[in-house]
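Single-structure report; data block below.
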Amino acid sequence: IQIVAAGPPTRFEITSIVYQPSENLVTLTFNSEPGGQYAIDASVSLDAEGAPGGWFELDDFEATEASSTYEDSLPDPAPPRRYYRIRQL
């Protein structure tokens, strides 16, 4: 039997948000677990899913690294604000 000490679990959080206005592109980076399932949601109003401007899913995927990146191409013209959340599935 081999005992391996593991460090504390990585906190699930968005670690970087970069907006590139010239390209209407938002890049989100967050801590993930390889093999973990995640969904990226967006909203312009923070209202409930199904409400005008409410939360909607942009994409879902399986992470392959301890850090994942998602790029969101905004419509033209870009909304004045856009909120993001990442869910573990």
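Letters for chains follow the order of the structure tokens (A, B, ...), residue numbers begin at 1 for each chain, and ligand numbers begin at 1 in the order shown.
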
Non-local contacts of Leu89 (chain A) (9 Å; only C-alpha atoms; under 6 positions in same chain excluded) as a PDB file with N, CA and C atoms, in the first residue's frame:
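Output contents, as saved in around-v2.pdb:
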ATOM      1  N   GLY A  36     -14.232  16.486 -15.256  1.00  0.00           N
ATOM      2  CA  GLY A  36     -15.427  17.139 -14.715  1.00  0.00           C
ATOM      3  C   GLY A  36     -16.283  17.726 -15.820  1.00  0.00           C
ATOM      4  N   GLN A  37     -17.585  17.739 -15.605  1.00  0.00           N
ATOM      5  CA  GLN A  37     -18.546  18.286 -16.567  1.00  0.00           C
ATOM      6  C   GLN A  37     -18.957  19.683 -16.117  1.00  0.00           C
ATOM      7  N   TYR A  38     -18.935  20.640 -17.048  1.00  0.00           N
ATOM      8  CA  TYR A  38     -19.224  22.035 -16.726  1.00  0.00           C
ATOM      9  C   TYR A  38     -20.159  22.645 -17.762  1.00  0.00           C
ATOM     10  N   ALA A  39     -20.942  23.631 -17.338  1.00  0.00           N
ATOM     11  CA  ALA A  39     -21.791  24.407 -18.241  1.00  0.00           C
ATOM     12  C   ALA A  39     -21.476  25.882 -18.030  1.00  0.00           C
ATOM     13  N   ASP A  60     -21.696  23.405 -22.891  1.00  0.00           N
ATOM     14  CA  ASP A  60     -21.291  22.493 -21.824  1.00  0.00           C
ATOM     15  C   ASP A  60     -20.199  21.597 -22.378  1.00  0.00           C
TER      16      ASP A  60
END

* To do: Run DSSP on the backbone and give me the residues of chain A it puts in strand (DSSP E or B), as a ChimeraX atom specification.
  => /A:14-20,25-31,37-43,56-62,67-73,83-88

Please write the residues from the selection above to a file, keeping C-alpha atoms, as a PDB file, in the first residue's frame.
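Generated file (out_9.pdb):
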ATOM      1  CA  ILE A  14     -13.481  31.981 -12.183  1.00  0.00           C
ATOM      2  CA  THR A  15      -9.828  33.043 -12.151  1.00  0.00           C
ATOM      3  CA  SER A  16      -9.785  35.437 -15.112  1.00  0.00           C
ATOM      4  CA  ILE A  17     -12.201  37.404 -17.291  1.00  0.00           C
ATOM      5  CA  VAL A  18     -10.733  39.242 -20.279  1.00  0.00           C
ATOM      6  CA  TYR A  19     -12.834  41.418 -22.593  1.00  0.00           C
ATOM      7  CA  GLN A  20     -11.451  42.292 -26.017  1.00  0.00           C
ATOM      8  CA  LEU A  25     -14.790  38.536 -27.351  1.00  0.00           C
ATOM      9  CA  VAL A  26     -14.869  37.556 -23.678  1.00  0.00           C
ATOM     10  CA  THR A  27     -12.448  34.895 -22.415  1.00  0.00           C
ATOM     11  CA  LEU A  28     -13.266  33.152 -19.127  1.00  0.00           C
ATOM     12  CA  THR A  29     -10.731  30.998 -17.274  1.00  0.00           C
ATOM     13  CA  PHE A  30     -11.696  28.892 -14.267  1.00  0.00           C
ATOM     14  CA  ASN A  31     -10.407  26.102 -12.052  1.00  0.00           C
ATOM     15  CA  GLN A  37     -18.546  18.286 -16.567  1.00  0.00           C
ATOM     16  CA  TYR A  38     -19.224  22.035 -16.726  1.00  0.00           C
ATOM     17  CA  ALA A  39     -21.791  24.407 -18.241  1.00  0.00           C
ATOM     18  CA  ILE A  40     -21.209  28.081 -19.101  1.00  0.00           C
ATOM     19  CA  ASP A  41     -24.262  30.325 -18.689  1.00  0.00           C
ATOM     20  CA  ALA A  42     -24.810  33.987 -19.537  1.00  0.00           C
ATOM     21  CA  SER A  43     -27.425  36.637 -18.787  1.00  0.00           C
ATOM     22  CA  PHE A  56     -29.211  30.752 -20.798  1.00  0.00           C
ATOM     23  CA  GLU A  57     -26.607  28.073 -21.453  1.00  0.00           C
ATOM     24  CA  LEU A  58     -23.832  28.967 -23.882  1.00  0.00           C
ATOM     25  CA  ASP A  59     -22.086  25.588 -23.861  1.00  0.00           C
ATOM     26  CA  ASP A  60     -21.291  22.493 -21.824  1.00  0.00           C
ATOM     27  CA  PHE A  61     -18.175  20.341 -21.950  1.00  0.00           C
ATOM     28  CA  GLU A  62     -15.838  17.943 -20.158  1.00  0.00           C
ATOM     29  CA  SER A  67      -7.801  25.037 -15.607  1.00  0.00           C
ATOM     30  CA  SER A  68     -10.345  25.535 -18.391  1.00  0.00           C
ATOM     31  CA  THR A  69     -10.907  28.440 -20.782  1.00  0.00           C
ATOM     32  CA  TYR A  70     -14.055  29.414 -22.660  1.00  0.00           C
ATOM     33  CA  GLU A  71     -14.352  32.128 -25.319  1.00  0.00           C
ATOM     34  CA  ASP A  72     -17.684  33.878 -25.831  1.00  0.00           C
ATOM     35  CA  SER A  73     -18.136  35.761 -29.104  1.00  0.00           C
ATOM     36  CA  TYR A  83     -23.048  38.258 -16.643  1.00  0.00           C
ATOM     37  CA  TYR A  84     -21.520  34.788 -16.543  1.00  0.00           C
ATOM     38  CA  ARG A  85     -21.750  31.767 -14.301  1.00  0.00           C
ATOM     39  CA  ILE A  86     -20.157  28.354 -14.516  1.00  0.00           C
ATOM     40  CA  ARG A  87     -21.943  25.293 -13.208  1.00  0.00           C
ATOM     41  CA  GLN A  88     -20.524  21.898 -12.330  1.00  0.00           C
TER      42      GLN A  88
END

* Could you name the residues that touch Pro79 (chain A) at 10 Å or less, counting only C-alpha atoms, but leaving out those on the same chain fewer than 3 positions away, as an NGL selection string? -> :A and (24 or 44 or 74-76 or 82)

Go ahead and dump the residues you just picked, C-alpha atoms, as a PDB file, in the first residue's frame.
ATOM      1  CA  ASN A  24     -16.334  41.472 -29.209  1.00  0.00           C
ATOM      2  CA  VAL A  44     -27.897  40.348 -19.446  1.00  0.00           C
ATOM      3  CA  LEU A  74     -20.558  38.585 -28.351  1.00  0.00           C
ATOM      4  CA  PRO A  75     -23.141  39.805 -30.867  1.00  0.00           C
ATOM      5  CA  ASP A  76     -22.491  43.062 -32.693  1.00  0.00           C
ATOM      6  CA  ARG A  82     -23.264  40.474 -19.707  1.00  0.00           C
TER       7      ARG A  82
END
